Amino acid sequence: MKLVLEDMPLKTFLGLFNPNEKIQVIELGDTWHPSSGFVDETILSPVENVGKILECEYDFRGLVIFKASIGLIDILYQDGIFELSGEKKGIDKVVNKIKMNNANTESPQKYLIKFIG
């Protein structure tokens, strides 16, 4: 199953997952890092779970590419779009979390969900 999410900051996206969930960051490219301008996946090399990225002070607003695996879900971010692929059960958890967030009247941002195939 594949799912596409648009217009979502990286930390908001990662907030859709359990903070204790293991993550393997394969590729990362961010062009706005304050100290060096461009950073790659080595900035997250000691990170083993989603919560550690969420705790990171940097917000990744210059993200141009992000490729990772969280549990059984493969993630690719490029051109402002997150594409998730994996088992239906894992994708359904993400969709349900988005629907809960979208239904929250305090949340000003609603996120677009598209299924592929």
# chains A, B, ... in the order shown; residues from 1 in each chain; ligands from 1
>>> select_by_dssp(residues="chain A", states="strand (DSSP E)", output="VMD selection string")
chain A and resid 2 to 6 23 to 33 37 to 40 63 to 70 73 to 78 81 to 85 113 to 116
>>> select_by_dssp(residues="chain A", states="helix (DSSP H, G or I)", output="VMD selection string")
chain A and resid 10 to 14 41 to 44 50 to 55 88 to 103
>>> residues_around(residues="Ile116 in chain A", least_positions_apart="3", cutoff="8 Å", atoms="only C-alpha atoms", output="list of chain:residue names")
A:Met1, A:Lys2, A:Leu3, A:Val4
>>> closest_residue(among="A:Asp74, A:Gly15, A:Tyr58, A:Pro9", to="Ser35 in chain A", atoms="only C-alpha atoms")
A:Tyr58
>>> closest_residue(among="A:Asn102, A:Asn49, A:Gly71, A:Phe66", to="Glu83 in chain A", atoms="only C-alpha atoms")
A:Phe66
>>> closest_residue(among="A:Leu16, A:Val25, A:Leu10, A:Val39", to="Asp59 in chain A", atoms="only C-alpha atoms")
A:Leu10
>>> residues_around(residues="Asn20 in chain A", least_positions_apart="5", cutoff="12 Å", atoms="only C-alpha atoms", output="list in words")
Leu14, Gly15, Val47, Glu48, Asn49, Val50, Gly51, Lys52, Ile53, Leu54, Ile70 and Gly71 of chain A
>>> closest_residue(among="A:Lys88, A:Lys99, A:Arg61, A:Lys93", to="Phe17 in chain A", atoms="only C-alpha atoms")
A:Lys93
>>> atom_distance(atom1="CA of Asn104 in chain A", atom2="CA of Gly86 in chain A")
26.7 Å
>>> atom_distance(atom1="CA of Glu55 in chain A", atom2="CA of Glu87 in chain A")
27.4 Å
